[in-house]
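J.: I am sharing entry_17.cif, which consists of mmCIF, C-alpha atoms and all ligand atoms:
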```cif
data_start
#
loop_
_atom_site.label_atom_id
_atom_site.label_comp_id
_atom_site.auth_asym_id
_atom_site.auth_seq_id
_atom_site.Cartn_x
_atom_site.Cartn_y
_atom_site.Cartn_z
CA MET S 27 212.05 125.48 194.04
CA ARG S 28 210.50 123.30 191.36
CA ARG S 29 209.54 125.28 188.30
CA ALA S 30 206.01 124.77 186.95
CA SER S 31 204.54 126.14 183.72
CA TYR S 32 200.81 125.44 183.32
CA HIS S 33 199.43 127.76 180.64
CA ASN S 34 200.81 126.62 177.28
CA HIS S 35 199.25 126.29 173.84
CA THR S 36 200.22 123.62 171.32
CA ARG S 37 199.20 122.88 167.75
CA PHE S 38 196.01 121.36 169.19
CA SER S 39 194.83 124.99 169.33
CA ASP S 40 196.80 128.06 168.25
CA GLY S 41 200.31 127.14 169.37
CA ALA S 42 203.22 126.65 166.99
CA ASP S 43 204.70 123.51 168.53
CA SER S 44 203.58 120.00 169.40
CA PRO S 45 203.38 118.75 173.00
CA ALA S 46 206.54 116.68 172.35
CA ASP S 47 208.36 119.85 171.18
CA PHE S 48 207.29 121.55 174.39
CA LEU S 49 208.66 118.73 176.47
CA ARG S 50 211.95 118.69 174.59
CA GLN S 51 212.41 122.43 175.04
CA ALA S 52 211.10 122.44 178.62
CA LEU S 53 214.05 120.47 179.94
CA PRO S 54 216.78 123.04 179.20
CA GLN S 55 214.46 125.73 180.62
CA GLY S 56 214.54 123.96 183.97
CA ILE S 57 210.85 123.09 183.98
CA ASP S 58 209.92 120.38 186.48
CA ILE S 59 206.16 120.46 185.90
CA LEU S 60 204.86 121.09 182.38
CA GLY S 61 201.16 121.70 181.84
CA PHE S 62 199.14 122.20 178.67
CA SER S 63 196.06 124.35 178.31
CA ASP S 64 194.85 124.50 174.73
CA HIS S 65 191.88 126.72 173.91
CA TYR S 66 188.42 125.27 174.43
CA TYR S 67 185.80 127.43 172.76
CA ARG S 68 182.17 126.44 172.22
CA ARG S 69 179.27 128.78 171.50
CA GLN S 70 176.70 126.21 172.58
CA ALA S 71 176.37 122.61 173.64
CA ASP S 72 177.57 120.19 170.96
CA ASP S 73 179.03 123.04 168.91
CA ARG S 74 180.86 121.37 166.00
CA ASP S 75 181.70 124.60 164.18
CA VAL S 76 184.69 125.69 166.21
CA PRO S 77 187.25 128.32 165.08
CA ASP S 78 190.63 126.99 164.02
CA TRP S 79 192.45 128.57 166.98
CA ALA S 80 190.55 126.28 169.39
CA LEU S 81 190.69 122.55 170.06
CA ALA S 82 188.53 120.86 167.42
CA PRO S 83 185.74 118.64 168.76
CA ASP S 84 187.07 115.65 166.83
CA ALA S 85 190.57 116.23 168.24
CA GLU S 86 189.54 116.15 171.90
CA GLU S 87 190.28 112.48 172.42
CA ALA S 88 193.62 112.82 170.63
CA TYR S 89 194.50 115.74 172.92
CA PHE S 90 193.98 113.70 176.06
CA ASP S 91 195.57 110.57 174.57
CA THR S 92 198.64 112.44 173.31
CA LEU S 93 199.23 114.10 176.68
CA ALA S 94 198.70 110.82 178.55
CA ALA S 95 201.27 109.12 176.31
CA LEU S 96 203.69 112.01 176.79
CA ALA S 97 203.22 111.84 180.58
CA ALA S 98 204.03 108.12 180.54
CA GLU S 99 207.46 108.66 179.00
CA ALA S 100 208.40 112.15 180.23
CA PRO S 101 211.23 112.58 182.77
CA ILE S 102 209.27 115.47 184.32
CA GLU S 103 205.67 115.81 185.50
CA ILE S 104 203.12 116.47 182.77
CA ARG S 105 199.82 118.14 183.64
CA VAL S 106 196.69 118.35 181.54
CA GLY S 107 194.54 121.44 181.43
CA LEU S 108 192.35 123.42 179.10
CA GLU S 109 191.77 127.15 178.76
CA PHE S 110 188.00 127.57 178.63
CA ASP S 111 186.52 130.57 176.89
CA TRP S 112 183.88 132.13 179.08
CA LEU S 113 180.87 133.38 177.08
CA GLU S 114 177.63 134.68 178.51
CA GLY S 115 175.53 131.68 179.55
CA SER S 116 178.33 129.23 178.78
CA ALA S 117 178.21 127.58 182.22
CA ALA S 118 175.40 125.45 180.82
CA TRP S 119 177.62 123.76 178.25
CA LEU S 120 181.06 124.18 179.83
CA ALA S 121 180.13 122.41 183.06
CA ALA S 122 180.65 118.91 181.69
CA PRO S 123 183.96 119.46 179.87
CA ALA S 124 185.35 121.61 182.70
CA ARG S 125 184.76 118.69 185.09
CA ASP S 126 186.43 116.14 182.82
CA PRO S 127 188.31 113.84 185.21
CA ARG S 128 191.30 113.77 182.84
CA LEU S 129 191.99 117.42 183.64
CA ASP S 130 194.44 118.43 186.33
CA TYR S 131 193.09 121.99 186.17
CA ALA S 132 190.72 124.18 184.20
CA ILE S 133 191.58 127.78 183.32
CA GLY S 134 188.66 130.19 182.93
CA SER S 135 189.35 133.13 180.62
CA VAL S 136 187.36 136.01 179.19
CA HIS S 137 188.47 136.89 175.64
CA PHE S 138 185.05 137.76 174.23
CA LEU S 139 182.12 140.03 174.92
CA GLY S 140 179.39 138.69 172.69
CA ASP S 141 181.06 137.98 169.36
CA GLN S 142 183.73 140.61 169.87
CA THR S 143 187.25 139.48 170.75
CA LEU S 144 189.03 141.84 173.09
CA ASP S 145 192.61 140.71 172.67
CA THR S 146 193.20 140.04 168.98
CA ASP S 147 192.09 143.19 167.20
CA ARG S 148 193.72 146.52 167.99
CA ALA S 149 191.50 148.20 165.36
CA PHE S 150 188.44 147.38 167.45
CA TRP S 151 189.84 149.48 170.29
CA GLN S 152 190.89 152.31 168.01
CA ARG S 153 187.31 152.72 166.80
CA LEU S 154 185.89 153.16 170.31
CA SER S 155 185.13 156.47 171.96
CA GLN S 156 186.45 156.95 175.49
CA ASP S 157 182.97 156.26 176.86
CA GLU S 158 182.85 153.02 174.89
CA VAL S 159 186.29 152.06 176.18
CA ASP S 160 185.00 152.58 179.71
CA GLU S 161 181.86 150.56 179.05
CA THR S 162 183.88 147.72 177.49
CA HIS S 163 186.09 147.58 180.58
CA ARG S 164 183.03 147.50 182.82
CA ALA S 165 181.43 144.71 180.79
CA TYR S 166 184.71 142.80 180.89
CA TRP S 167 184.97 142.87 184.68
CA ARG S 168 181.33 141.80 185.00
CA ALA S 169 182.11 138.87 182.71
CA VAL S 170 185.14 137.95 184.85
CA ARG S 171 182.92 138.05 187.92
CA ASP S 172 180.36 135.77 186.24
CA MET S 173 183.09 133.40 185.01
CA ALA S 174 184.40 133.06 188.57
CA SER S 175 180.94 132.74 190.06
CA SER S 176 180.21 129.77 187.81
CA GLY S 177 182.52 127.79 190.09
CA LEU S 178 183.74 125.70 187.15
CA PHE S 179 187.36 126.75 186.96
CA ASP S 180 190.51 126.40 189.03
CA ILE S 181 192.56 129.25 187.60
CA ALA S 182 191.53 132.76 186.55
CA GLY S 183 193.37 133.30 183.26
CA HIS S 184 195.17 136.61 182.58
CA LEU S 185 192.84 138.47 184.91
CA ASP S 186 193.13 141.96 183.43
CA LEU S 187 193.67 140.99 179.78
CA ILE S 188 191.39 143.89 178.86
CA LYS S 189 194.40 146.27 179.11
CA LYS S 190 196.40 144.40 176.45
CA PHE S 191 196.33 147.15 173.79
CA ALA S 192 196.73 149.88 176.42
CA PHE S 193 193.30 151.46 176.04
CA TYR S 194 192.43 152.39 179.61
CA PRO S 195 189.21 153.59 181.24
CA LYS S 196 188.92 157.12 182.54
CA SER S 197 186.41 156.20 185.22
CA ASP S 198 187.27 154.37 188.42
CA LEU S 199 186.65 150.65 188.01
CA THR S 200 187.82 149.70 191.48
CA PRO S 201 184.36 148.60 192.72
CA LEU S 202 183.86 146.27 189.74
CA ILE S 203 187.37 144.82 190.02
CA ARG S 204 186.74 144.29 193.72
CA GLU S 205 183.53 142.43 192.93
CA ALA S 206 185.35 140.22 190.44
CA LEU S 207 188.13 139.45 192.95
CA ASP S 208 185.58 138.68 195.63
CA ALA S 209 183.98 136.20 193.21
CA VAL S 210 187.39 134.64 192.49
CA LYS S 211 187.97 134.31 196.23
CA ALA S 212 184.48 132.93 196.92
CA ALA S 213 184.94 130.33 194.16
CA GLY S 214 188.25 129.21 195.69
CA MET S 215 190.11 130.00 192.49
CA VAL S 216 193.79 130.60 191.93
CA VAL S 217 195.01 133.66 190.02
CA GLU S 218 197.84 133.24 187.55
CA LEU S 219 200.55 135.79 187.13
CA ASN S 220 200.61 135.63 183.34
CA THR S 221 203.93 136.93 182.06
CA SER S 222 202.81 137.40 178.45
CA GLY S 223 201.49 140.91 179.13
CA TRP S 224 205.03 142.21 179.58
CA ALA S 225 205.58 141.73 175.84
CA LYS S 226 202.31 143.42 174.83
CA ASP S 227 201.37 147.10 174.37
CA CYS S 228 200.39 147.35 178.05
CA ARG S 229 203.95 146.37 179.10
CA GLU S 230 202.61 144.85 182.31
CA CYS S 231 202.05 141.33 183.44
CA TYR S 232 198.47 140.14 183.94
CA PRO S 233 197.19 141.08 186.39
CA SER S 234 198.85 144.35 187.41
CA GLU S 235 200.84 144.67 190.61
CA ALA S 236 197.94 146.62 192.15
CA ILE S 237 195.53 143.77 191.45
CA LEU S 238 198.07 141.22 192.68
CA ARG S 239 198.21 143.18 195.93
CA ALA S 240 194.42 143.08 196.15
CA CYS S 241 194.59 139.30 195.57
CA PHE S 242 197.22 138.94 198.30
CA ALA S 243 195.05 140.92 200.71
CA ARG S 244 192.23 138.42 200.03
CA GLU S 245 194.59 135.44 200.42
CA ILE S 246 193.91 134.36 196.86
CA PRO S 247 196.61 131.84 195.88
CA VAL S 248 198.75 132.30 192.78
CA THR S 249 200.57 130.43 190.08
CA VAL S 250 202.96 131.67 187.38
CA SER S 251 202.37 131.08 183.69
CA ALA S 252 203.72 132.30 180.37
CA ASP S 253 200.71 131.67 178.13
CA ALA S 254 203.29 130.38 175.67
CA HIS S 255 202.28 129.74 172.08
CA ARG S 256 205.72 128.37 171.32
CA ALA S 257 207.85 126.10 173.44
CA SER S 258 210.81 128.47 173.65
CA LEU S 259 208.62 130.91 175.64
CA ALA S 260 207.31 128.47 178.27
CA THR S 261 209.22 130.22 181.07
CA ALA S 262 209.43 133.72 179.60
CA ASN S 263 210.01 136.29 182.36
CA PHE S 264 209.55 133.74 185.14
CA PRO S 265 212.32 135.19 187.38
CA ARG S 266 210.71 138.62 187.08
CA ALA S 267 207.34 137.11 188.01
CA TYR S 268 208.76 135.33 191.06
CA ASP S 269 210.43 138.54 192.21
CA LEU S 270 207.23 140.54 191.80
CA LEU S 271 205.16 138.00 193.73
CA ALA S 272 207.71 137.95 196.53
CA ARG S 273 207.66 141.74 196.69
CA VAL S 274 203.86 141.69 196.90
CA GLY S 275 204.19 139.32 199.86
CA TYR S 276 203.54 135.87 198.43
CA ARG S 277 205.54 133.05 199.95
CA ALA S 278 204.03 130.07 198.09
CA LEU S 279 202.88 129.00 194.65
CA THR S 280 199.97 126.67 193.94
CA ARG S 281 200.45 123.34 192.18
CA PHE S 282 197.80 121.18 190.52
CA ARG S 283 197.41 117.43 190.29
CA GLY S 284 194.16 115.71 189.42
CA ARG S 285 192.07 118.72 190.45
CA GLU S 286 193.84 118.74 193.79
CA ARG S 287 195.96 121.61 194.88
CA PHE S 288 198.92 121.99 197.09
CA THR S 289 201.51 124.68 197.57
CA GLU S 290 205.26 124.85 197.35
CA PRO S 291 207.38 127.63 198.82
CA LEU S 292 208.16 130.51 196.48
CA GLU S 293 211.93 130.89 196.33
CA PRO S 294 212.79 133.56 193.79
ZN ZN S 301 193.75 133.42 177.01
ZN ZN S 302 196.18 131.17 176.74
#
```
Show me, as structure tokens, the structure contained in the file I just sent.
T.:
Amino acid sequence: MRRASYHNHTRFSDGADSPADFLRQALPQGIDILGFSDHYYRRQADDRDVPDWALAPDAEEAYFDTLAALAAEAPIEIRVGLEFDWLEGSAAWLAAPARDPRLDYAIGSVHFLGDQTLDTDRAFWQRLSQDEVDETHRAYWRAVRDMASSGLFDIAGHLDLIKKFAFYPKSDLTPLIREALDAVKAAGMVVELNTSGWAKDCRECYPSEAILRACFAREIPVTVSADAHRASLATANFPRAYDLLARVGYRALTRFRGRERFTEPLEP
């Protein structure tokens, strides 16, 4: 089986390594298809005031040019993506960049509710009451549903990221998660098994096995990613991910090329 790694961050956003470093370190990791997905965060159309962990507006051309040059000389396949930050109402200004023909795929991710990041600040979670934890989870799953319903993205990024710091709801969120998965299915999106969660407080991949089973039941296709912020982690826990997907019932992984998709057999 060819090994693909699509969700990786370089120094163009908040990664530690350059695209060339990734390529160099991808080869000994057995990667056959290496994709990049730096953060794309805009609060409005023509937002020039972008946080330093996201691709800067004046670096966009360099991002595409650098990856095109890398692809031309690389001995393996290079793929170009972006990880788009879903914000309420952002479909209006993300539509154009998400359809950029230079992209092989677009990842849609929810990291924010309003101005609040959900995955960078443990102290935020510690301040919440249990009721507020529950309400934050509910708002998160509604945002995931809306992100999917926008129809702009190919891949649903780290679907249940909300569990990262291991603050869980007491109430049953199954109906909301179901709604979000139905939206992912209706939009024809792919779900990534994101291995980075195994190293976080939640000690689980994103999404959980239970949600992966719900995806499988809906025939939602999958890919495997590490969400690596350094090249050495580009295939972190991949064998474990392949084994889990096989156990859930998956027999194929989705590949991306020029916004087209195809599958290759999953052979753990
Ligand atoms: Zn993310
Ligand atoms: Zn990411």
J.: Could you list, as a list in words, all residues that come within 9 Å of ligand ZN 301 (chain S)? Count only C-alpha atoms and all ligand atoms.
T.: His33, His65, Glu109, Phe110, Asp111, Ile133, Gly134, Ser135, Val136, His137, Asp145, Gly183, His184, Leu187 and Asp253 of chain S
J.: Could you please take those selected residues and save C-alpha atoms as a PDB file, keeping the file's coordinate frame?
T.:
```pdb
ATOM      1  CA  HIS S  33     199.430 127.760 180.640  1.00  0.00           C
ATOM      2  CA  HIS S  65     191.880 126.720 173.910  1.00  0.00           C
ATOM      3  CA  GLU S 109     191.770 127.150 178.760  1.00  0.00           C
ATOM      4  CA  PHE S 110     188.000 127.570 178.630  1.00  0.00           C
ATOM      5  CA  ASP S 111     186.520 130.570 176.890  1.00  0.00           C
ATOM      6  CA  ILE S 133     191.580 127.780 183.320  1.00  0.00           C
ATOM      7  CA  GLY S 134     188.660 130.190 182.930  1.00  0.00           C
ATOM      8  CA  SER S 135     189.350 133.130 180.620  1.00  0.00           C
ATOM      9  CA  VAL S 136     187.360 136.010 179.190  1.00  0.00           C
ATOM     10  CA  HIS S 137     188.470 136.890 175.640  1.00  0.00           C
ATOM     11  CA  ASP S 145     192.610 140.710 172.670  1.00  0.00           C
ATOM     12  CA  GLY S 183     193.370 133.300 183.260  1.00  0.00           C
ATOM     13  CA  HIS S 184     195.170 136.610 182.580  1.00  0.00           C
ATOM     14  CA  LEU S 187     193.670 140.990 179.780  1.00  0.00           C
ATOM     15  CA  ASP S 253     200.710 131.670 178.130  1.00  0.00           C
TER      16      ASP S 253
END
```
J.: Would you list the contacts of range 75-79 of chain S as a list in words, taking every protein, DNA or RNA residue within 9 Å and counting all atoms listed in the file, but skipping same-chain residues closer than 2 positions in sequence?
T.: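 The filter keeps Arg37, Phe38, Ser39, Asp40, Gly41, His65, Tyr67, Arg68, Arg69, Asp73, Leu81, Ala82 and Pro83 of chain S.
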J.: Would you kindly return, as a ChimeraX atom specification, each protein, DNA or RNA residue with an atom no farther than 12 Å from any atom of Thr146 in chain S, considering all atoms listed in the file and excluding same-chain residues fewer than 2 positions away?
T.: /S:79,137-138,142-144,148-151,187-191,226
J.: Could you work out how far CA of Ile102 in chain S lies from CA of Glu86 in chain S, giving the answer in Å with one decimal?
T.: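 Those two atoms sit 23.3 Å apart.
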J.: Mind giving me the straight-line distance from CA of Phe62 in chain S to CA of Tyr276 in chain S in Å, one decimal?
T.: 24.4 Å
J.: Which residue out of S:Leu108, S:Ala169, S:Leu53, S:Leu270 has the minimum interatomic distance to Arg29 in chain S when all atoms listed in the file are used?
T.: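 Nearest to Arg29 in chain S: S:Leu53.
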J.: Considering all atoms listed in the file, can you say which of S:Leu199, S:Ala267, S:Ala80, S:Ala122 comes closest to ligand ZN 302 (chain S)?
T.: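 Among the listed residues, S:Ala80 lies closest to ligand ZN 302 (chain S).
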J.: Because some atoms of range 253-276 of chain S are absent here, can you restore N, CA and C atoms and send them as a CSV table (one decimal), in the frame of the given file?
T.:
```csv
chain,number,residue,atom,x,y,z
S,253,ASP,N,201.7,131.6,179.2
S,253,ASP,CA,200.7,131.7,178.1
S,253,ASP,C,201.5,131.5,176.8
S,254,ALA,N,202.4,130.5,176.8
S,254,ALA,CA,203.3,130.4,175.7
S,254,ALA,C,202.6,129.7,174.5
S,255,HIS,N,202.8,130.3,173.3
S,255,HIS,CA,202.3,129.7,172.1
S,255,HIS,C,203.4,129.1,171.3
S,256,ARG,N,204.6,129.2,171.8
S,256,ARG,CA,205.7,128.4,171.3
S,256,ARG,C,206.6,127.9,172.5
S,257,ALA,N,207.2,126.7,172.3
S,257,ALA,CA,207.8,126.1,173.4
S,257,ALA,C,209.0,126.9,174.0
S,258,SER,N,209.7,127.7,173.2
S,258,SER,CA,210.8,128.5,173.6
S,258,SER,C,210.4,129.5,174.7
S,259,LEU,N,209.1,129.8,174.7
S,259,LEU,CA,208.6,130.9,175.6
S,259,LEU,C,208.0,130.4,176.9
S,260,ALA,N,208.1,129.1,177.2
S,260,ALA,CA,207.3,128.5,178.3
S,260,ALA,C,207.7,129.0,179.7
S,261,THR,N,208.8,129.6,179.8
S,261,THR,CA,209.2,130.2,181.1
S,261,THR,C,209.6,131.7,180.9
S,262,ALA,N,209.1,132.3,179.9
S,262,ALA,CA,209.4,133.7,179.6
S,262,ALA,C,209.1,134.6,180.8
S,263,ASN,N,210.2,135.3,181.3
S,263,ASN,CA,210.0,136.3,182.4
S,263,ASN,C,209.6,135.7,183.7
S,264,PHE,N,209.9,134.4,183.9
S,264,PHE,CA,209.6,133.7,185.1
S,264,PHE,C,210.3,134.4,186.3
S,265,PRO,N,211.6,134.6,186.2
S,265,PRO,CA,212.3,135.2,187.4
S,265,PRO,C,211.7,136.5,187.8
S,266,ARG,N,211.3,137.3,186.8
S,266,ARG,CA,210.7,138.6,187.1
S,266,ARG,C,209.4,138.4,187.8
S,267,ALA,N,208.6,137.4,187.4
S,267,ALA,CA,207.3,137.1,188.0
S,267,ALA,C,207.5,136.7,189.5
S,268,TYR,N,208.5,135.8,189.7
S,268,TYR,CA,208.8,135.3,191.1
S,268,TYR,C,209.1,136.5,191.9
S,269,ASP,N,210.0,137.4,191.4
S,269,ASP,CA,210.4,138.5,192.2
S,269,ASP,C,209.2,139.4,192.6
S,270,LEU,N,208.4,139.7,191.6
S,270,LEU,CA,207.2,140.5,191.8
S,270,LEU,C,206.3,139.9,192.9
S,271,LEU,N,206.0,138.6,192.7
S,271,LEU,CA,205.2,138.0,193.7
S,271,LEU,C,205.8,138.1,195.1
S,272,ALA,N,207.1,137.9,195.2
S,272,ALA,CA,207.7,138.0,196.5
S,272,ALA,C,207.6,139.4,197.1
S,273,ARG,N,207.8,140.4,196.2
S,273,ARG,CA,207.7,141.7,196.7
S,273,ARG,C,206.3,142.1,197.2
S,274,VAL,N,205.3,141.5,196.5
S,274,VAL,CA,203.9,141.7,196.9
S,274,VAL,C,203.6,141.0,198.3
S,275,GLY,N,204.4,140.0,198.6
S,275,GLY,CA,204.2,139.3,199.9
S,275,GLY,C,204.0,137.8,199.8
S,276,TYR,N,203.8,137.3,198.6
S,276,TYR,CA,203.5,135.9,198.4
S,276,TYR,C,204.8,135.1,198.8
```
